[in-house]
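Data from my_file-v9.pdb: PDB, C-alpha atoms
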ATOM      1  CA  MET R   1      65.526  59.337  85.603
ATOM      2  CA  ALA R   2      66.927  62.669  86.650
ATOM      3  CA  THR R   3      68.430  62.599  90.137
ATOM      4  CA  TYR R   4      68.247  66.310  90.723
ATOM      5  CA  GLY R   5      65.376  68.394  91.952
ATOM      6  CA  LEU R   6      64.682  66.593  95.211
ATOM      7  CA  PRO R   7      64.380  69.040  98.125
ATOM      8  CA  ALA R   8      67.029  67.049  99.993
ATOM      9  CA  TRP R   9      68.448  63.587  99.529
ATOM     10  CA  PRO R  10      66.730  61.246 101.978
ATOM     11  CA  TRP R  11      68.801  60.429 105.048
ATOM     12  CA  SER R  12      71.650  62.752 104.011
ATOM     13  CA  GLY R  13      73.220  63.989 107.240
ATOM     14  CA  ALA R  14      70.666  62.114 109.351
ATOM     15  CA  LEU R  15      71.553  60.952 112.830
ATOM     16  CA  VAL R  16      72.275  57.239 112.697
ATOM     17  CA  ASP R  17      70.374  56.722 115.964
ATOM     18  CA  ASP R  18      67.242  58.245 114.396
ATOM     19  CA  LEU R  19      67.144  55.857 111.437
ATOM     20  CA  PRO R  20      64.533  53.086 111.328
ATOM     21  CA  ALA R  21      65.933  49.750 112.568
ATOM     22  CA  PRO R  22      66.554  48.138 109.126
ATOM     23  CA  GLU R  23      68.349  51.226 107.809
ATOM     24  CA  ARG R  24      70.406  51.517 110.981
ATOM     25  CA  LEU R  25      71.442  47.867 110.716
ATOM     26  CA  LEU R  26      72.464  48.340 107.091
ATOM     27  CA  ALA R  27      74.420  51.533 107.880
ATOM     28  CA  ASP R  28      76.155  49.729 110.753
ATOM     29  CA  ALA R  29      77.012  46.867 108.387
ATOM     30  CA  PHE R  30      78.469  49.265 105.805
ATOM     31  CA  ARG R  31      80.617  50.910 108.461
ATOM     32  CA  LEU R  32      81.698  47.608 109.991
ATOM     33  CA  TRP R  33      82.742  46.333 106.569
ATOM     34  CA  SER R  34      84.825  49.465 105.992
ATOM     35  CA  HIS R  35      86.444  49.135 109.425
ATOM     36  CA  GLU R  36      87.308  45.455 108.945
ATOM     37  CA  VAL R  37      88.726  46.010 105.449
ATOM     38  CA  ALA R  38      90.808  48.975 106.654
ATOM     39  CA  ARG R  39      92.431  46.867 109.350
ATOM     40  CA  GLY R  40      93.032  43.962 106.949
ATOM     41  CA  ALA R  41      90.647  41.552 108.667
ATOM     42  CA  PRO R  42      88.115  39.344 106.887
ATOM     43  CA  SER R  43      84.812  41.188 106.896
ATOM     44  CA  LEU R  44      82.333  38.335 106.402
ATOM     45  CA  PRO R  45      82.599  36.842 109.917
ATOM     46  CA  ALA R  46      82.112  40.239 111.553
ATOM     47  CA  LEU R  47      79.177  41.040 109.263
ATOM     48  CA  ARG R  48      77.532  37.693 110.045
ATOM     49  CA  VAL R  49      77.793  38.329 113.795
ATOM     50  CA  LEU R  50      76.286  41.819 113.443
ATOM     51  CA  LEU R  51      73.458  40.672 111.172
ATOM     52  CA  ALA R  52      72.694  37.520 113.191
ATOM     53  CA  ALA R  53      71.105  39.655 115.903
ATOM     54  CA  GLU R  54      68.241  40.345 113.468
ATOM     55  CA  GLY R  55      68.290  36.964 111.742
ATOM     56  CA  ALA R  56      69.739  38.540 108.588
ATOM     57  CA  GLU R  57      73.113  36.807 108.453
ATOM     58  CA  ALA R  58      72.292  35.727 104.879
ATOM     59  CA  ALA R  59      72.736  39.385 103.879
ATOM     60  CA  ALA R  60      76.439  39.333 104.810
ATOM     61  CA  GLY R  61      77.505  37.916 101.441
ATOM     62  CA  PRO R  62      75.540  40.433  99.351
ATOM     63  CA  ILE R  63      76.760  43.333 101.513
ATOM     64  CA  GLU R  64      80.350  42.143 101.094
ATOM     65  CA  ALA R  65      79.920  41.712  97.323
ATOM     66  CA  LEU R  66      78.200  45.079  96.889
ATOM     67  CA  LEU R  67      80.819  47.021  98.807
ATOM     68  CA  ARG R  68      83.724  45.161  97.155
ATOM     69  CA  THR R  69      82.257  45.959  93.722
ATOM     70  CA  LEU R  70      81.895  49.621  94.624
ATOM     71  CA  ALA R  71      85.363  49.745  96.209
ATOM     72  CA  ARG R  72      87.003  48.664  92.932
ATOM     73  CA  THR R  73      86.030  51.939  91.268
ATOM     74  CA  GLY R  74      88.126  55.047  91.144
ATOM     75  CA  HIS R  75      85.479  56.796  93.273
ATOM     76  CA  PRO R  76      84.262  54.390  95.962
ATOM     77  CA  PRO R  77      81.582  55.671  98.320
ATOM     78  CA  VAL R  78      82.770  57.277 101.531
ATOM     79  CA  LEU R  79      81.798  55.238 104.584
ATOM     80  CA  ALA R  80      82.053  57.035 107.912
ATOM     81  CA  CYS R  81      83.712  55.602 110.997
ATOM     82  CA  ARG R  82      81.668  53.282 113.194
ATOM     83  CA  LEU R  83      81.105  55.960 115.845
ATOM     84  CA  CYS R  84      80.216  58.924 113.623
ATOM     85  CA  PRO R  85      76.806  60.194 114.709
ATOM     86  CA  ARG R  86      75.634  61.304 111.247
ATOM     87  CA  LEU R  87      75.410  59.592 107.891
ATOM     88  CA  HIS R  88      77.788  60.714 105.188
ATOM     89  CA  PRO R  89      75.953  61.645 101.950
ATOM     90  CA  ASP R  90      77.484  58.613 100.198
ATOM     91  CA  GLU R  91      76.138  56.317 102.925
ATOM     92  CA  ALA R  92      72.731  57.919 102.530
ATOM     93  CA  GLY R  93      72.932  57.290  98.787
ATOM     94  CA  LEU R  94      73.803  53.637  99.367
ATOM     95  CA  LEU R  95      70.912  53.240 101.794
ATOM     96  CA  LEU R  96      68.584  54.873  99.298
ATOM     97  CA  ALA R  97      69.779  52.654  96.441
ATOM     98  CA  CYS R  98      69.380  49.497  98.547
ATOM     99  CA  ALA R  99      65.909  50.538  99.693
ATOM    100  CA  LEU R 100      64.819  51.285  96.132
ATOM    101  CA  ALA R 101      66.264  47.997  94.855
ATOM    102  CA  GLN R 102      64.427  46.096  97.595
ATOM    103  CA  ARG R 103      61.164  47.855  96.733
ATOM    104  CA  GLY R 104      61.514  47.025  93.032
ATOM    105  CA  ALA R 105      62.312  50.579  91.892
ATOM    106  CA  ARG R 106      65.425  49.460  90.042
ATOM    107  CA  CYS R 107      65.652  52.372  87.602
ATOM    108  CA  GLU R 108      65.627  54.793  90.520
ATOM    109  CA  ALA R 109      68.229  52.700  92.356
ATOM    110  CA  LEU R 110      70.459  52.803  89.279
ATOM    111  CA  ALA R 111      70.023  56.568  89.022
ATOM    112  CA  THR R 112      70.928  56.989  92.681
ATOM    113  CA  LEU R 113      74.184  55.079  92.254
ATOM    114  CA  LEU R 114      74.996  56.866  88.995
ATOM    115  CA  ARG R 115      75.439  60.108  90.969
ATOM    116  CA  TRP R 116      78.993  59.133  91.807
ATOM    117  CA  LEU R 117      79.788  55.852  90.080
ATOM    118  CA  PRO R 118      80.436  54.971  86.430
ATOM    119  CA  PRO R 119      77.674  53.070  84.587
ATOM    120  CA  LEU R 120      79.492  49.722  84.294
ATOM    121  CA  THR R 121      80.142  49.631  88.033
ATOM    122  CA  VAL R 122      76.535  50.501  88.788
ATOM    123  CA  TYR R 123      75.232  47.755  86.525
ATOM    124  CA  ALA R 124      77.642  45.300  88.150
ATOM    125  CA  ALA R 125      76.473  46.354  91.629
ATOM    126  CA  MET R 126      72.724  46.110  90.992
ATOM    127  CA  PRO R 127      72.353  42.299  91.244
ATOM    128  CA  THR R 128      74.037  42.290  94.641
ATOM    129  CA  ALA R 129      71.870  45.211  95.811
ATOM    130  CA  ILE R 130      68.805  43.206  94.768
ATOM    131  CA  HIS R 131      70.089  40.096  96.605
ATOM    132  CA  LEU R 132      70.783  42.244  99.659
ATOM    133  CA  GLY R 133      67.230  43.580  99.607
ATOM    134  CA  ALA R 134      65.848  40.057  99.236
ATOM    135  CA  ALA R 135      67.929  38.784 102.178
ATOM    136  CA  PHE R 136      66.689  41.657 104.338
ATOM    137  CA  ARG R 137      63.094  40.993 103.267
ATOM    138  CA  ARG R 138      63.402  37.278 104.136
ATOM    139  CA  ALA R 139      64.615  38.336 107.607
ATOM    140  CA  GLY R 140      61.561  40.586 107.969
ATOM    141  CA  LEU R 141      63.547  43.791 107.526
ATOM    142  CA  LEU R 142      61.739  46.066 105.101
ATOM    143  CA  LEU R 143      63.604  49.218 104.132
ATOM    144  CA  ARG R 144      61.489  52.359 103.741
ATOM    145  CA  HIS R 145      60.737  53.848 100.330
ATOM    146  CA  PRO R 146      62.077  57.335 101.092
ATOM    147  CA  LEU R 147      61.271  58.872  97.724
ATOM    148  CA  ARG R 148      57.554  58.518  98.397
ATOM    149  CA  GLU R 149      57.998  60.755 101.438
ATOM    150  CA  ALA R 150      60.124  63.309  99.544
ATOM    151  CA  LEU R 151      57.621  63.823  96.712
ATOM    152  CA  PRO R 152      54.796  66.322  97.196
ATOM    153  CA  ARG R 153      51.378  64.855  97.974
ATOM    154  CA  ARG R 154      48.553  65.334  95.477
TER     155      ARG R 154
END
Mind turning the file's structure into structure tokens?
Amino acid sequence: MATYGLPAWPWSGALVDDLPAPERLLADAFRLWSHEVARGAPSLPALRVLLAAEGAEAAAGPIEALLRTLARTGHPPVLACRLCPRLHPDEAGLLLACALAQRGARCEALATLLRWLPPLTVYAAMPTAIHLGAAFRRAGLLLRHPLREALPRR
């Protein structure tokens, strides 16, 4: 699937406070993970506390695994600081990939990640993105399918 031609990447530059609740929780988890890793602290306990508020603490492991897999590349995604008001384009891409993986659009999720990551890394990250989506779904957190909103209506 070609990943060019969209009018704008969904959520790119969006205000974090304006995101739907599941996407905001996931963005907060990405940023918390980055903060904890940067200070040398274990990230799983902090992620579990954050996600427990929504009953999604089972997603802590997949989030940790996904971000660790992506961090091993030469071009890991940029995760903004915890207080940044807007999403970085890489965060928006991660949200989009996770939403697409949760909704079963795996080819599109792969294409989204291939924008900045090598193929082997993307294929290694997909199972954890799928497990993350399943953990969110079990907690009742359904991520939006943003590509449906970006495509023109017929």
Which residues of region 8-74 of chain R sit at most 7 Å from region 117-130 of chain R, using only C-alpha atoms? Give each one's shortest atom pair and distance in Å (one decimal place), in chain and ascending residue order, as JSON lines.
{"residue": "R:Pro62", "atom": "CA", "partner": "R:Thr128", "partner_atom": "CA", "distance": 5.3}
{"residue": "R:Ala65", "atom": "CA", "partner": "R:Thr128", "partner_atom": "CA", "distance": 6.5}
{"residue": "R:Leu66", "atom": "CA", "partner": "R:Thr128", "partner_atom": "CA", "distance": 5.5}
{"residue": "R:Thr69", "atom": "CA", "partner": "R:Ala125", "partner_atom": "CA", "distance": 6.2}
{"residue": "R:Leu70", "atom": "CA", "partner": "R:Thr121", "partner_atom": "CA", "distance": 6.8}
Handout entry: Best match for closeness to Glu23 (chain R) among R:Arg86, R:His131, R:Arg68, R:Arg144, counting all atoms listed in the file
Key =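 Of all the options, R:Arg144 lies closest to Glu23 (chain R).
Compared by their closest atoms to Pro77 (chain R), and using all atoms listed in the file, the residues R:Leu141, R:Leu47, R:Leu100, R:Leu114 rank with R:Leu114 nearest.
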Handout entry: Polymer residues at most 7 Å from Ala139 (chain R), all atoms listed in the file, same-chain spacing of 4 or more positions, as a PyMOL selection string
Key = chain R and resi 55-56+135
Handout entry: Nearest to Arg82 (chain R), chosen from R:Leu25, R:Leu19, R:Leu113, R:Leu132, with only C-alpha atoms counted in the distances
Key =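 The shortest atom-to-atom distance to Arg82 (chain R) comes from R:Leu25.
One finds CA of Leu95 (chain R) at 9.9 Å from CA of Thr112 (chain R).
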Exercise for the section: Using CA of Ala111 (chain R) and CA of Ala21 (chain R) as the two end points, give the distance in Å to one decimal. Expected result: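 Between CA of Ala111 (chain R) and CA of Ala21 (chain R) the gap works out to 24.9 Å.
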Handout entry: Selected residue, from R:Leu110, R:Cys98, R:Ala27, R:Ala105, that lies nearest to Val78 (chain R) when counting all atoms listed in the file
Key = R:Ala27
Exercise for the section: Could you state which residues are captured by the PyMOL selection byres ((chain R and resi 92) around 8) in this file, as a ChimeraX atom specification? Expected result: /R:9-13,87-91,93-96
Practice task
Kindly give the distance, in Å, that separates CA of Phe136 (chain R) and CA of Ala52 (chain R), rounded to a single decimal.
Solution key: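 Pair CA of Phe136 (chain R) / CA of Ala52 (chain R) returns 11.5 Å.
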Practice task
Check the smallest atom-to-atom distance from each of R:Ala71, R:Ala134, R:Val16, R:Ala60 to Pro45 (chain R) using only C-alpha atoms, then report the winner.
Solution key: R:Ala60
Enclose all atoms of region 14-27 of chain R listed in the file in an axis-aligned box, grow every side by 6 Å, and hand back centre and edge lengths in Å to one decimal, as JSON.
{"center_x": 69.5, "center_y": 55.0, "center_z": 111.5, "size_x": 21.9, "size_y": 26.2, "size_z": 20.9}
Problem - Nearest to Ala80 (chain R) by atom-to-atom distance, counting all atoms listed in the file, from R:Ala109, R:Ala58, R:Leu143, R:Ala29 - result: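 Going through R:Ala109, R:Ala58, R:Leu143, R:Ala29 one by one, the smallest distance to Ala80 (chain R) is for R:Ala29.
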